[in-house]
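Let me begin by presenting the structure, written as structure tokens, before commenting on it.
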Amino acid sequence: MKKTNYIIQKARKGLQVGLLICCLVLLMGGCDLFSHDDKFDKTLLSGKWLSGTLYEYYAPDGTGYTWDILDDVTEEEAQPFTWTLENATLTQIHKMEMGGNVPKVYTVTKLTATTFEYHDDYGKYYTFTKEQ
């Protein structure tokens with residue numbers, strides 16, 4: 001009888017330790033201990049970029065403008081914006097003609113000297129190539 005109680009106590013202790021480890025693993029899984037944000041060189045963003053009929057121009061001073069020739073809009077009629085790039089977060093603040101600002105936030109996935117890719121939180125993906 002003593003041997004049986006000893007085995008049960010040992011098994012119970014092992015289950016408790018295992019349960020504790022499982023709980024810790026689950027709790028730690030919800031923590032972001034390591035930053036997964038990619039860091040992109042914002043100096044690569046300067047210049048004119050093209051994606052289909054959509055153009056975006058980024059100036060080194062944090063200003064820019066965008067236009068879409070499909071909408072019969074020329075570069076001279078482009079919509080101005082200011083931009084910031086922090087890690088992988090691109091924020092554009094579009095300036096409306098009638099006043100007001102519209103922020104747009106994107107996640108950059110690729111930025112090289114010739115290719116620029118980003119997406120929004122609604123599943124819209126853009127791939128740009130740099131105009132020379």
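So you can find residues: chains in the structure tokens are A, B, ... in the order shown, residues in each start at 1, and ligands are numbered from 1 in order.
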Would you list, as a ChimeraX atom specification, the residues of chain A that end up in strand (DSSP E) under DSSP run on this structure's backbone?
-> /A:47-51,54-58,63-68,79-86,89-95,101-111,115-119,125-130
Please provide as a ChimeraX atom specification all residues within 12 Å of A:Asp41, with the sequence filter that same-chain residues fewer than 5 positions apart are discarded (counting only C-alpha atoms).
-> /A:46,60,84-90,108,110-113,116
Exercise: A:Val102 partners within 12 Å, only C-alpha atoms, chain neighbours under 3 positions left out, as a list in words | Gln79, Pro80, Phe81, Thr82, Trp83, Thr91, Gln92, Ile93, His94, Lys95, Met96, Glu97, Met98, Gly99 and Val105 of chain A
Polymer residues at most 8 Å from A:Trp67, only C-alpha atoms, same-chain spacing of 5 or more positions, as a PyMOL selection string | chain A and resi 54-56+73-75+77-79
Using N, CA and C atoms, can you write the selected residues to a file as a CSV table (one decimal), in the first residue's frame?
```csv
chain,number,residue,atom,x,y,z
A,54,LEU,N,-0.3,53.7,-61.0
A,54,LEU,CA,-0.2,54.5,-59.8
A,54,LEU,C,1.2,55.0,-59.7
A,55,TYR,N,1.4,56.3,-59.5
A,55,TYR,CA,2.7,56.8,-59.2
A,55,TYR,C,2.8,57.4,-57.8
A,56,GLU,N,3.9,57.3,-57.2
A,56,GLU,CA,4.2,57.9,-55.9
A,56,GLU,C,5.6,58.5,-55.9
A,73,VAL,N,-5.3,61.8,-64.0
A,73,VAL,CA,-4.6,62.8,-63.2
A,73,VAL,C,-3.1,62.8,-63.6
A,74,THR,N,-2.6,64.0,-63.8
A,74,THR,CA,-1.2,64.2,-64.1
A,74,THR,C,-0.4,64.4,-62.9
A,75,GLU,N,0.9,64.4,-63.1
A,75,GLU,CA,1.9,64.7,-62.0
A,75,GLU,C,1.7,66.1,-61.4
A,77,GLU,N,-1.1,67.6,-61.1
A,77,GLU,CA,-2.3,67.6,-60.3
A,77,GLU,C,-2.3,66.6,-59.2
A,78,ALA,N,-1.1,66.1,-58.9
A,78,ALA,CA,-1.0,65.0,-57.9
A,78,ALA,C,-1.4,65.5,-56.5
A,79,GLN,N,-1.8,64.5,-55.7
A,79,GLN,CA,-2.2,64.8,-54.3
A,79,GLN,C,-1.0,64.8,-53.4
```
Report as a PyMOL selection string: the residues of stretch 12-126 of chain A with a DSSP assignment of alpha helix (DSSP H), based on the backbone of this structure.
-> chain A and resi 12-29
Quick one: pull the distance between atom CA of A:Gly47 and atom CA of A:Lys130, Å, one decimal.
->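 Pair atom CA of A:Gly47 / atom CA of A:Lys130 returns 7.2 Å.
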